[in-house]
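Student: Here you go, my_file_8.pdb (PDB, C-alpha atoms):
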MODEL        1
ATOM      1  CA  MET A   1     -46.655  -0.299  14.858
ATOM      2  CA  LYS A   2     -48.312  -3.714  14.701
ATOM      3  CA  SER A   3     -46.541  -7.005  14.475
ATOM      4  CA  ALA A   4     -47.796 -10.062  12.652
ATOM      5  CA  GLY A   5     -49.296 -12.758  14.880
ATOM      6  CA  ASN A   6     -47.198 -13.253  17.971
ATOM      7  CA  ASP A   7     -43.908 -12.078  16.500
ATOM      8  CA  LEU A   8     -41.668  -9.585  18.275
ATOM      9  CA  THR A   9     -41.098  -6.479  16.167
ATOM     10  CA  ILE A  10     -38.292  -4.041  16.890
ATOM     11  CA  ARG A  11     -38.483  -0.653  15.199
ATOM     12  CA  CYS A  12     -35.760   1.985  15.255
ATOM     13  CA  TRP A  13     -37.064   5.531  15.625
ATOM     14  CA  GLY A  14     -33.745   7.116  16.583
ATOM     15  CA  VAL A  15     -30.259   5.629  16.153
ATOM     16  CA  ARG A  16     -27.834   8.564  16.484
ATOM     17  CA  GLY A  17     -25.881   9.282  19.648
ATOM     18  CA  SER A  18     -25.152  12.458  21.613
ATOM     19  CA  ILE A  19     -27.019  15.084  19.575
ATOM     20  CA  PRO A  20     -29.566  15.176  16.722
ATOM     21  CA  THR A  21     -27.913  15.501  13.316
ATOM     22  CA  PRO A  22     -30.322  16.864  10.682
ATOM     23  CA  ASP A  23     -27.446  17.022   8.181
ATOM     24  CA  LYS A  24     -28.068  15.963   4.594
ATOM     25  CA  ASP A  25     -25.071  13.593   4.645
ATOM     26  CA  LYS A  26     -26.431  11.727   7.697
ATOM     27  CA  LEU A  27     -30.137  11.361   6.978
ATOM     28  CA  ARG A  28     -30.071   8.021   5.179
ATOM     29  CA  VAL A  29     -29.069   6.252   8.362
ATOM     30  CA  GLY A  30     -30.900   8.780  10.499
ATOM     31  CA  GLY A  31     -30.267  11.830  12.635
ATOM     32  CA  ASN A  32     -32.591  11.333  15.617
ATOM     33  CA  THR A  33     -31.283  10.328  19.028
ATOM     34  CA  PRO A  34     -32.022   6.938  20.630
ATOM     35  CA  CYS A  35     -35.495   5.483  20.657
ATOM     36  CA  ILE A  36     -36.420   1.872  19.946
ATOM     37  CA  ALA A  37     -39.911   0.377  20.153
ATOM     38  CA  LEU A  38     -40.607  -3.302  20.737
ATOM     39  CA  GLN A  39     -44.000  -4.915  20.317
ATOM     40  CA  TYR A  40     -45.037  -8.486  20.929
ATOM     41  CA  GLY A  41     -48.173  -9.355  18.995
ATOM     42  CA  SER A  42     -50.787  -6.693  19.664
ATOM     43  CA  GLU A  43     -49.638  -5.922  23.203
ATOM     44  CA  PRO A  44     -48.731  -2.339  24.197
ATOM     45  CA  GLN A  45     -45.329  -1.263  22.964
ATOM     46  CA  VAL A  46     -42.229  -1.289  25.120
ATOM     47  CA  ILE A  47     -40.185   1.785  24.192
ATOM     48  CA  ILE A  48     -36.529   1.940  25.167
ATOM     49  CA  ASP A  49     -35.246   5.483  25.625
ATOM     50  CA  ALA A  50     -36.884   8.782  24.773
ATOM     51  CA  GLY A  51     -34.486  10.532  22.420
ATOM     52  CA  THR A  52     -35.756  12.740  19.608
ATOM     53  CA  GLY A  53     -36.917   9.649  17.733
ATOM     54  CA  LEU A  54     -39.780   9.511  20.249
ATOM     55  CA  ARG A  55     -41.322  12.571  18.595
ATOM     56  CA  LEU A  56     -41.665  10.627  15.338
ATOM     57  CA  LEU A  57     -43.203   7.699  17.165
ATOM     58  CA  GLY A  58     -45.727  10.059  18.735
ATOM     59  CA  ILE A  59     -46.737  11.396  15.330
ATOM     60  CA  ASN A  60     -47.563   7.820  14.318
ATOM     61  CA  LEU A  61     -49.820   7.370  17.316
ATOM     62  CA  SER A  62     -53.141   8.991  18.136
ATOM     63  CA  SER A  63     -54.961   9.100  21.426
ATOM     64  CA  THR A  64     -58.734   9.359  21.681
ATOM     65  CA  GLU A  65     -61.262   8.224  24.249
ATOM     66  CA  ASP A  66     -62.112   5.257  22.020
ATOM     67  CA  GLN A  67     -58.485   4.442  21.174
ATOM     68  CA  PRO A  68     -56.196   5.543  23.998
ATOM     69  CA  VAL A  69     -52.442   5.211  23.586
ATOM     70  CA  GLU A  70     -50.970   2.778  26.081
ATOM     71  CA  ALA A  71     -47.249   2.053  26.186
ATOM     72  CA  ASN A  72     -44.311   1.357  28.455
ATOM     73  CA  ILE A  73     -41.110   3.423  28.384
ATOM     74  CA  LEU A  74     -37.791   2.135  29.728
ATOM     75  CA  PHE A  75     -34.986   4.620  30.385
ATOM     76  CA  SER A  76     -31.379   3.460  30.169
ATOM     77  CA  HIS A  77     -30.139   6.733  31.719
ATOM     78  CA  PHE A  78     -30.890  10.431  31.653
ATOM     79  CA  HIS A  79     -28.350  12.200  29.476
ATOM     80  CA  TRP A  80     -30.058  14.677  27.156
ATOM     81  CA  ASP A  81     -29.933  12.537  24.041
ATOM     82  CA  HIS A  82     -31.995   9.825  25.770
ATOM     83  CA  ILE A  83     -34.765  11.983  27.238
ATOM     84  CA  GLN A  84     -35.046  15.069  25.023
ATOM     85  CA  GLY A  85     -37.884  13.618  22.939
ATOM     86  CA  LEU A  86     -40.276  13.223  25.865
ATOM     87  CA  PRO A  87     -41.527  16.866  25.991
ATOM     88  CA  PHE A  88     -42.257  16.617  22.245
ATOM     89  CA  PHE A  89     -44.061  13.258  22.455
ATOM     90  CA  GLY A  90     -47.594  14.294  21.482
ATOM     91  CA  PRO A  91     -49.550  11.554  23.274
ATOM     92  CA  ILE A  92     -48.427  12.732  26.739
ATOM     93  CA  TYR A  93     -50.666  15.776  26.320
ATOM     94  CA  SER A  94     -53.800  13.661  25.854
ATOM     95  CA  PRO A  95     -55.829  12.685  28.945
ATOM     96  CA  HIS A  96     -56.684   9.421  27.202
ATOM     97  CA  SER A  97     -53.069   8.217  27.093
ATOM     98  CA  ARG A  98     -51.615   5.899  29.708
ATOM     99  CA  PHE A  99     -47.911   5.231  30.160
ATOM    100  CA  LYS A 100     -45.889   3.102  32.536
ATOM    101  CA  LEU A 101     -42.379   4.507  32.965
ATOM    102  CA  TYR A 102     -39.460   2.387  34.153
ATOM    103  CA  SER A 103     -35.816   2.799  35.131
ATOM    104  CA  ALA A 104     -33.344   1.214  37.523
ATOM    105  CA  LEU A 105     -33.842   4.178  39.897
ATOM    106  CA  SER A 106     -36.623   4.560  42.437
ATOM    107  CA  ALA A 107     -40.032   5.631  41.155
ATOM    108  CA  GLU A 108     -39.732   8.922  43.043
ATOM    109  CA  ARG A 109     -36.318   9.688  41.565
ATOM    110  CA  LEU A 110     -37.528   8.856  38.054
ATOM    111  CA  GLU A 111     -40.473  11.251  38.360
ATOM    112  CA  HIS A 112     -38.238  14.026  39.673
ATOM    113  CA  ILE A 113     -35.672  13.674  36.861
ATOM    114  CA  LEU A 114     -38.233  13.658  34.067
ATOM    115  CA  GLY A 115     -40.089  16.617  35.512
ATOM    116  CA  SER A 116     -36.894  18.628  35.930
ATOM    117  CA  GLN A 117     -36.261  18.999  32.204
ATOM    118  CA  MET A 118     -39.657  20.650  31.688
ATOM    119  CA  LYS A 119     -39.197  23.752  33.805
ATOM    120  CA  SER A 120     -37.979  27.307  33.370
ATOM    121  CA  PRO A 121     -35.585  28.320  31.916
ATOM    122  CA  TYR A 122     -35.132  25.077  29.965
ATOM    123  CA  PHE A 123     -38.619  24.502  28.562
ATOM    124  CA  PRO A 124     -41.652  26.777  28.099
ATOM    125  CA  VAL A 125     -44.291  24.193  29.058
ATOM    126  CA  SER A 126     -44.314  22.842  32.609
ATOM    127  CA  TYR A 127     -44.513  19.175  33.539
ATOM    128  CA  SER A 128     -47.942  19.888  35.049
ATOM    129  CA  SER A 129     -49.230  20.348  31.472
ATOM    130  CA  VAL A 130     -48.774  16.625  30.861
ATOM    131  CA  ARG A 131     -52.297  15.216  30.843
ATOM    132  CA  ALA A 132     -51.567  11.551  30.249
ATOM    133  CA  GLN A 133     -51.681   9.101  33.128
ATOM    134  CA  PHE A 134     -48.132   8.282  34.232
ATOM    135  CA  GLU A 135     -47.164   5.386  36.452
ATOM    136  CA  TYR A 136     -43.544   5.339  37.669
ATOM    137  CA  ASN A 137     -41.783   2.047  38.335
ATOM    138  CA  GLN A 138     -38.378   0.737  39.335
ATOM    139  CA  VAL A 139     -36.911  -2.263  37.527
ATOM    140  CA  GLY A 140     -35.208  -4.211  40.295
ATOM    141  CA  ALA A 141     -32.238  -6.519  39.944
ATOM    142  CA  ASN A 142     -34.543  -9.480  39.295
ATOM    143  CA  GLY A 143     -36.339  -7.654  36.496
ATOM    144  CA  CYS A 144     -40.049  -7.332  35.821
ATOM    145  CA  GLU A 145     -42.759  -8.612  33.521
ATOM    146  CA  ILE A 146     -44.486  -6.344  31.017
ATOM    147  CA  GLY A 147     -47.210  -8.328  29.307
ATOM    148  CA  SER A 148     -45.575 -11.367  27.721
ATOM    149  CA  LEU A 149     -42.115  -9.822  27.992
ATOM    150  CA  MET A 150     -39.586 -10.472  30.729
ATOM    151  CA  ILE A 151     -37.287  -7.461  31.262
ATOM    152  CA  ARG A 152     -33.970  -7.706  33.105
ATOM    153  CA  PRO A 153     -31.583  -4.785  33.697
ATOM    154  CA  VAL A 154     -27.827  -4.993  33.283
ATOM    155  CA  GLN A 155     -25.305  -2.433  34.500
ATOM    156  CA  LEU A 156     -23.324  -0.582  31.827
ATOM    157  CA  ASN A 157     -20.100   1.410  32.046
ATOM    158  CA  HIS A 158     -21.059   5.011  31.340
ATOM    159  CA  PRO A 159     -20.578   8.401  33.065
ATOM    160  CA  ASP A 160     -23.359   8.992  35.644
ATOM    161  CA  GLY A 161     -24.407   5.352  35.272
ATOM    162  CA  ALA A 162     -26.563   3.553  32.714
ATOM    163  CA  TRP A 163     -28.438   0.288  32.343
ATOM    164  CA  GLY A 164     -29.049  -2.023  29.463
ATOM    165  CA  TYR A 165     -32.068  -4.290  29.231
ATOM    166  CA  ARG A 166     -32.564  -7.867  28.138
ATOM    167  CA  VAL A 167     -36.049  -8.512  26.794
ATOM    168  CA  ASP A 168     -37.240 -12.118  26.489
ATOM    169  CA  SER A 169     -40.417 -12.997  24.624
ATOM    170  CA  PRO A 170     -41.965 -16.205  23.266
ATOM    171  CA  ALA A 171     -40.794 -15.056  19.808
ATOM    172  CA  GLY A 172     -37.159 -14.302  20.625
ATOM    173  CA  SER A 173     -34.875 -12.221  22.796
ATOM    174  CA  VAL A 174     -33.203  -8.812  22.534
ATOM    175  CA  ILE A 175     -30.539  -7.133  24.650
ATOM    176  CA  TYR A 176     -30.063  -3.371  24.461
ATOM    177  CA  VAL A 177     -26.491  -2.312  25.265
ATOM    178  CA  SER A 178     -26.333   1.365  24.375
ATOM    179  CA  ASP A 179     -24.055   3.936  26.036
ATOM    180  CA  HIS A 180     -21.520   1.404  27.251
ATOM    181  CA  GLU A 181     -17.743   1.586  27.239
ATOM    182  CA  HIS A 182     -15.964  -1.745  27.163
ATOM    183  CA  GLY A 183     -12.897  -2.332  29.316
ATOM    184  CA  VAL A 184     -14.172  -2.895  32.861
ATOM    185  CA  ALA A 185     -13.825  -6.654  33.155
ATOM    186  CA  ALA A 186     -16.531  -7.248  35.771
ATOM    187  CA  ILE A 187     -19.136  -5.237  33.862
ATOM    188  CA  ASP A 188     -18.175  -6.737  30.504
ATOM    189  CA  GLU A 189     -18.497 -10.227  31.996
ATOM    190  CA  MET A 190     -21.918  -9.397  33.435
ATOM    191  CA  ILE A 191     -23.126  -8.118  30.067
ATOM    192  CA  ALA A 192     -21.815 -11.232  28.296
ATOM    193  CA  ARG A 193     -23.734 -13.435  30.740
ATOM    194  CA  GLU A 194     -26.942 -11.469  30.245
ATOM    195  CA  ALA A 195     -26.479 -11.579  26.461
ATOM    196  CA  SER A 196     -25.925 -15.342  26.382
ATOM    197  CA  GLY A 197     -27.851 -16.974  23.550
ATOM    198  CA  VAL A 198     -29.750 -13.788  22.698
ATOM    199  CA  THR A 199     -31.461 -13.534  19.312
ATOM    200  CA  LEU A 200     -30.497  -9.882  18.775
ATOM    201  CA  LEU A 201     -27.743  -7.829  20.401
ATOM    202  CA  ILE A 202     -28.142  -4.054  20.001
ATOM    203  CA  TYR A 203     -24.734  -2.543  20.758
ATOM    204  CA  ASP A 204     -23.084   0.864  21.163
ATOM    205  CA  ALA A 205     -20.875   1.228  18.063
ATOM    206  CA  HIS A 206     -20.259   4.952  18.471
ATOM    207  CA  PHE A 207     -16.559   4.817  17.552
ATOM    208  CA  LYS A 208     -14.399   3.087  15.013
ATOM    209  CA  PRO A 209     -11.632   1.033  16.696
ATOM    210  CA  GLU A 210      -8.962   3.466  15.481
ATOM    211  CA  GLU A 211     -10.909   6.430  16.917
ATOM    212  CA  TYR A 212     -11.516   4.982  20.356
ATOM    213  CA  PRO A 213      -8.104   5.673  22.023
ATOM    214  CA  ARG A 214      -8.683   9.445  21.659
ATOM    215  CA  PHE A 215     -12.025   9.212  23.443
ATOM    216  CA  LYS A 216     -11.347   6.675  26.166
ATOM    217  CA  GLY A 217     -13.472   7.492  29.190
ATOM    218  CA  TRP A 218     -16.291   9.088  27.202
ATOM    219  CA  GLY A 219     -18.572   6.095  27.796
ATOM    220  CA  HIS A 220     -18.888   4.566  24.345
ATOM    221  CA  SER A 221     -17.625   1.526  22.495
ATOM    222  CA  THR A 222     -16.811   0.338  18.957
ATOM    223  CA  TRP A 223     -18.275  -1.901  16.300
ATOM    224  CA  LEU A 224     -15.340  -4.287  16.845
ATOM    225  CA  GLU A 225     -16.197  -4.762  20.505
ATOM    226  CA  GLY A 226     -19.776  -5.385  19.444
ATOM    227  CA  THR A 227     -18.702  -8.259  17.202
ATOM    228  CA  ARG A 228     -16.555  -9.693  19.977
ATOM    229  CA  LEU A 229     -19.427  -9.582  22.449
ATOM    230  CA  ALA A 230     -21.771 -11.182  19.910
ATOM    231  CA  GLN A 231     -19.308 -14.037  19.423
ATOM    232  CA  ARG A 232     -18.627 -14.443  23.139
ATOM    233  CA  ALA A 233     -22.315 -14.479  24.053
ATOM    234  CA  GLY A 234     -23.390 -16.701  21.172
ATOM    235  CA  ALA A 235     -25.816 -14.089  19.878
ATOM    236  CA  ASP A 236     -27.630 -14.841  16.633
ATOM    237  CA  HIS A 237     -27.548 -11.286  15.268
ATOM    238  CA  LEU A 238     -25.832  -7.961  15.981
ATOM    239  CA  LEU A 239     -27.283  -4.493  15.370
ATOM    240  CA  LEU A 240     -24.788  -1.603  15.461
ATOM    241  CA  PHE A 241     -26.389   1.348  17.253
ATOM    242  CA  HIS A 242     -25.781   4.827  18.759
ATOM    243  CA  HIS A 243     -23.905   6.121  15.721
ATOM    244  CA  SER A 244     -21.511   9.033  16.175
ATOM    245  CA  PRO A 245     -22.981  12.441  15.274
ATOM    246  CA  PHE A 246     -19.916  12.923  13.070
ATOM    247  CA  ARG A 247     -20.440   9.684  11.122
ATOM    248  CA  LYS A 248     -21.532  10.315   7.527
ATOM    249  CA  ASP A 249     -23.726   7.925   5.572
ATOM    250  CA  GLN A 250     -20.913   7.139   3.151
ATOM    251  CA  GLU A 251     -18.802   5.683   5.978
ATOM    252  CA  PHE A 252     -21.245   2.983   6.993
ATOM    253  CA  GLY A 253     -20.692   0.716   4.012
ATOM    254  CA  THR A 254     -17.073   0.170   5.025
ATOM    255  CA  ILE A 255     -17.979  -0.223   8.699
ATOM    256  CA  LEU A 256     -20.585  -2.853   7.885
ATOM    257  CA  LYS A 257     -18.216  -4.737   5.596
ATOM    258  CA  GLU A 258     -15.435  -4.819   8.197
ATOM    259  CA  ALA A 259     -17.842  -5.801  10.991
ATOM    260  CA  ARG A 260     -19.227  -8.690   8.953
ATOM    261  CA  GLN A 261     -15.713 -10.032   8.505
ATOM    262  CA  GLU A 262     -15.658 -10.455  12.290
ATOM    263  CA  PHE A 263     -19.311 -11.444  12.820
ATOM    264  CA  ARG A 264     -21.271 -12.233   9.689
ATOM    265  CA  ALA A 265     -24.784 -11.619  11.044
ATOM    266  CA  THR A 266     -24.241  -7.882  11.572
ATOM    267  CA  GLU A 267     -26.560  -5.073  10.480
ATOM    268  CA  LEU A 268     -26.724  -1.306  10.964
ATOM    269  CA  ALA A 269     -29.446   0.297  13.034
ATOM    270  CA  ARG A 270     -31.220   2.721  10.757
ATOM    271  CA  GLU A 271     -34.133   5.040  11.392
ATOM    272  CA  ASP A 272     -37.555   3.795  10.343
ATOM    273  CA  ARG A 273     -36.369   0.224   9.868
ATOM    274  CA  SER A 274     -37.921  -2.779  11.563
ATOM    275  CA  ILE A 275     -36.749  -6.236  12.524
ATOM    276  CA  ARG A 276     -39.176  -9.080  13.150
ATOM    277  CA  LEU A 277     -38.335 -12.055  15.343
ATOM    278  CA  SER A 278     -40.327 -15.248  15.187
ATOM    279  CA  GLY A 279     -38.699 -18.078  17.074
ATOM    280  CA  ARG A 280     -35.211 -18.319  15.611
ATOM    281  CA  GLU A 281     -36.282 -16.543  12.425
ATOM    282  CA  TYR A 282     -35.006 -12.999  11.880
ATOM    283  CA  CYS A 283     -36.407 -10.713   9.200
ATOM    284  CA  ILE A 284     -35.409  -7.163   8.273
ATOM    285  CA  LEU A 285     -38.595  -5.581   6.987
ATOM    286  CA  LYS A 286     -36.651  -2.960   5.007
ATOM    287  CA  SER A 287     -33.014  -3.301   3.994
ATOM    288  CA  VAL A 288     -30.549  -1.221   5.992
ATOM    289  CA  VAL A 289     -27.767  -1.880   3.501
ATOM    290  CA  GLU A 290     -28.975  -0.707   0.137
ATOM    291  CA  SER A 291     -28.568   3.048   0.595
ATOM    292  CA  VAL A 292     -25.381   3.163   2.671
ATOM    293  CA  SER A 293     -23.109   0.733   0.822
TER
ENDMDL
END
Give the structure from this file in structure tokens form.

Tutor:
Amino acid sequence: MKSAGNDLTIRCWGVRGSIPTPDKDKLRVGGNTPCIALQYGSEPQVIIDAGTGLRLLGINLSSTEDQPVEANILFSHFHWDHIQGLPFFGPIYSPHSRFKLYSALSAERLEHILGSQMKSPYFPVSYSSVRAQFEYNQVGANGCEIGSLMIRPVQLNHPDGAWGYRVDSPAGSVIYVSDHEHGVAAIDEMIAREASGVTLLIYDAHFKPEEYPRFKGWGHSTWLEGTRLAQRAGADHLLLFHHSPFRKDQEFGTILKEARQEFRATELAREDRSIRLSGREYCILKSVVESVS
């Protein structure tokens, strides 16, 4: 993925929550689990989460001695749907690839967790078969710089813990708030502060508002809460993300219509769709509306 000039490009490789859904009535929006890639200019990509969408990203990359793959991967948390693409990410098996891996946990803990999923009896290939160069890093409370991007973590409300990330670039800002359940005032206030004035808010819209009471405590939110946060934070745009594995393509037209009544600048995250930020300009490179309305 290459962005034009010094724009910030955000590409969705996986937008579905909980479990991959290769069902014919869900493929227009997409059935892969969370993976988003950000790229500022020609700098190495910053990938957020390693769901099954990461496999597709790997297919689009190649690693040779002359053109090694270099990228950064941020992990929000370690539930299966956010890490299950890593063992199938082709570039990690090339000795020419170099990756910097980040989470809010210690570097040692991050390495242990990622290695644990690639062992018997869960996976036939051991973590020692990874030939890429891995560097493990902790994103502290004050954040870190990755190239021209400033990354800051924000605590989310989710079982076992999770973190969102605000990414600031010269071309615009993005905050990733996936796997978050609204309702804890202190955490919601912290997220609103971190999202203040952001160009793009990516938000967990797993449930419809009428569905949520039956699943309270599961760690997910609604499109309505996303619109409220966007308004409260003064965000320019809202992207509804982490779609329920039960949500059919035909349902999204109504969801989008209702969400836009609350916050006009709302879009749906859809697989293989890109958004380009350039200053205050916001461009969807392919429409996410035409095939789901």

Student: For the point (-34.9, 14.0, 20.2) in the file's frame, write as a ChimeraX atom specification all residues with an atom no more than 12 Å away, counting all atoms listed in the file.

Tutor: /A:13-22,30-35,49-58,79-89

Student: So how far away is CA of Ile175 in chain A from CA of Ala235 in chain A, in Å?

Tutor: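 Going from CA of Ala235 in chain A over to CA of Ile175 in chain A covers 9.7 Å.
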
Student: Find the residues near range 264-276 of chain A: any atom within 6 Å, counting all atoms listed in the file, skip ones fewer than 5 places away on the same chain, and give them as a VMD selection string.

Tutor: chain A and resid 8 to 14 29 to 30 237 to 241 282 to 286

Student: How would the residues just picked look written out with C-alpha atoms as a PDB file, in the coordinates of the input?

Tutor:
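In the end it all went to selection18.pdb:
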ATOM      1  CA  LEU A   8     -41.668  -9.585  18.275  1.00  0.00           C
ATOM      2  CA  THR A   9     -41.098  -6.479  16.167  1.00  0.00           C
ATOM      3  CA  ILE A  10     -38.292  -4.041  16.890  1.00  0.00           C
ATOM      4  CA  ARG A  11     -38.483  -0.653  15.199  1.00  0.00           C
ATOM      5  CA  CYS A  12     -35.760   1.985  15.255  1.00  0.00           C
ATOM      6  CA  TRP A  13     -37.064   5.531  15.625  1.00  0.00           C
ATOM      7  CA  GLY A  14     -33.745   7.116  16.583  1.00  0.00           C
ATOM      8  CA  VAL A  29     -29.069   6.252   8.362  1.00  0.00           C
ATOM      9  CA  GLY A  30     -30.900   8.780  10.499  1.00  0.00           C
ATOM     10  CA  HIS A 237     -27.548 -11.286  15.268  1.00  0.00           C
ATOM     11  CA  LEU A 238     -25.832  -7.961  15.981  1.00  0.00           C
ATOM     12  CA  LEU A 239     -27.283  -4.493  15.370  1.00  0.00           C
ATOM     13  CA  LEU A 240     -24.788  -1.603  15.461  1.00  0.00           C
ATOM     14  CA  PHE A 241     -26.389   1.348  17.253  1.00  0.00           C
ATOM     15  CA  TYR A 282     -35.006 -12.999  11.880  1.00  0.00           C
ATOM     16  CA  CYS A 283     -36.407 -10.713   9.200  1.00  0.00           C
ATOM     17  CA  ILE A 284     -35.409  -7.163   8.273  1.00  0.00           C
ATOM     18  CA  LEU A 285     -38.595  -5.581   6.987  1.00  0.00           C
ATOM     19  CA  LYS A 286     -36.651  -2.960   5.007  1.00  0.00           C
TER      20      LYS A 286
END

Student: Any chance you could work out the residue set of the PyMOL selection byres ((chain A and resi 182) around 8) here, as a VMD selection string?

Tutor: chain A and resid 157 180 to 181 183 to 184 188 220 to 221 225

Student: Using all atoms listed in the file, can you list as a compact mmCIF listing (two decimals) with C-alpha atoms, keeping the file's coordinate frame the residues within 8 Å of (-38.0, -5.1, 36.9)?

Tutor:
# COMPACT_ATOMS: atom_id res chain seq x y z
CA ALA A 104 -33.34 1.21 37.52
CA GLN A 138 -38.38 0.74 39.34
CA VAL A 139 -36.91 -2.26 37.53
CA GLY A 140 -35.21 -4.21 40.30
CA ALA A 141 -32.24 -6.52 39.94
CA ASN A 142 -34.54 -9.48 39.30
CA GLY A 143 -36.34 -7.65 36.50
CA CYS A 144 -40.05 -7.33 35.82
CA GLU A 145 -42.76 -8.61 33.52
CA ILE A 151 -37.29 -7.46 31.26
CA ARG A 152 -33.97 -7.71 33.10
CA PRO A 153 -31.58 -4.78 33.70

Student: Given the choices A:Glu281, A:His77, A:Thr227, A:Asp249, which gets closest to Lys24 in chain A if the distance is worked out from only C-alpha atoms?

Tutor: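 Distance minimum relative to Lys24 in chain A lands on A:Asp249.
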
Student: May I ask for the distance between CA of Ala71 in chain A and CA of Gly279 in chain A, given in Å to one decimal place?

Tutor: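 Separation of CA of Ala71 in chain A and CA of Gly279 in chain A: 23.7 Å.
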
Student: Just the number, please: distance in Å from CA of Asp25 in chain A to CA of His243 in chain A, one decimal.

Tutor: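 Going from CA of Asp25 in chain A over to CA of His243 in chain A covers 13.4 Å.
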
Student: Under the rule that only C-alpha atoms are counted, which of A:Ile187, A:Ala192, A:Ile92, A:Leu224 is the nearest residue to Leu256 in chain A?

Tutor: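 Selected residue with least distance to Leu256 in chain A: A:Leu224.
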
Student: Determine the residue set returned by the PyMOL selection byres ((chain A and resi 115) around 10) for the present structure, and present it as an MDAnalysis selection string.

Tutor: chainID A and resid 87 109:114 116:119 126:128 130

Student: Just so the selection is clear, what residues does the PyMOL selection byres ((chain A and resi 155) around 9) cover here, as a PyMOL selection string?

Tutor: chain A and resi 153-154+156-157+161-165+187+190-191

Student: Find the residues around Lys248 in chain A up to 9 Å (all atoms listed in the file counted), leave out those fewer than 4 positions away in its own chain, and share them as a PyMOL selection string.

Tutor: chain A and resi 23+25-27+29+244+252

Student: Applying 12 Å and only C-alpha atoms, which residues near Ser148 in chain A remain after dropping the ones on its own chain fewer than 2 positions away? List them as number ranges by chain.

Tutor: A: 6-8, 38-46, 144-146, 150-151, 167-173

Student: May I ask which of the residues A:Thr199, A:Ser106, A:Ser178, A:Ser129 is the closest one to Trp223 in chain A, counting all atoms listed in the file?

Tutor: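 Of A:Thr199, A:Ser106, A:Ser178, A:Ser129, the one nearest Trp223 in chain A, counting all atoms listed in the file, is A:Ser178.
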
Student: Looking at A:Pro91, A:His242, A:Asn60, A:Lys208, which one is nearest to Glu258 in chain A, with distances taken over only C-alpha atoms?

Tutor: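 Going through A:Pro91, A:His242, A:Asn60, A:Lys208 one by one, the smallest distance to Glu258 in chain A is for A:Lys208.
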
Student: Skipping near chain neighbours, those fewer than 5 positions away, what residues fall within 10 Å of Phe134 in chain A using only C-alpha atoms, listed as a list in words?

Tutor: Asn72, Ile92, Ser97, Arg98, Phe99, Lys100, Leu101 and Glu111 of chain A

Student: Hey, can you spit out that residue selection with C-alpha atoms as a compact mmCIF listing (two decimals), keeping the file's coordinate frame?

Tutor:
# COMPACT_ATOMS: atom_id res chain seq x y z
CA ASN A 72 -44.31 1.36 28.46
CA ILE A 92 -48.43 12.73 26.74
CA SER A 97 -53.07 8.22 27.09
CA ARG A 98 -51.62 5.90 29.71
CA PHE A 99 -47.91 5.23 30.16
CA LYS A 100 -45.89 3.10 32.54
CA LEU A 101 -42.38 4.51 32.97
CA GLU A 111 -40.47 11.25 38.36

Student: Identify which of the residues A:Glu70, A:Glu251, A:Glu108, A:Asp204 lies closest to Asp179 in chain A, counting all atoms listed in the file when measuring atom-to-atom distances.

Tutor: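 Of A:Glu70, A:Glu251, A:Glu108, A:Asp204, the one nearest Asp179 in chain A is A:Asp204, counting all atoms listed in the file.
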
Student: Nearest to Gly90 in chain A among A:Asn137, A:Ser62, A:Gln231, A:Thr222, with distances taken over all atoms listed in the file: which residue is it?

Tutor: A:Ser62
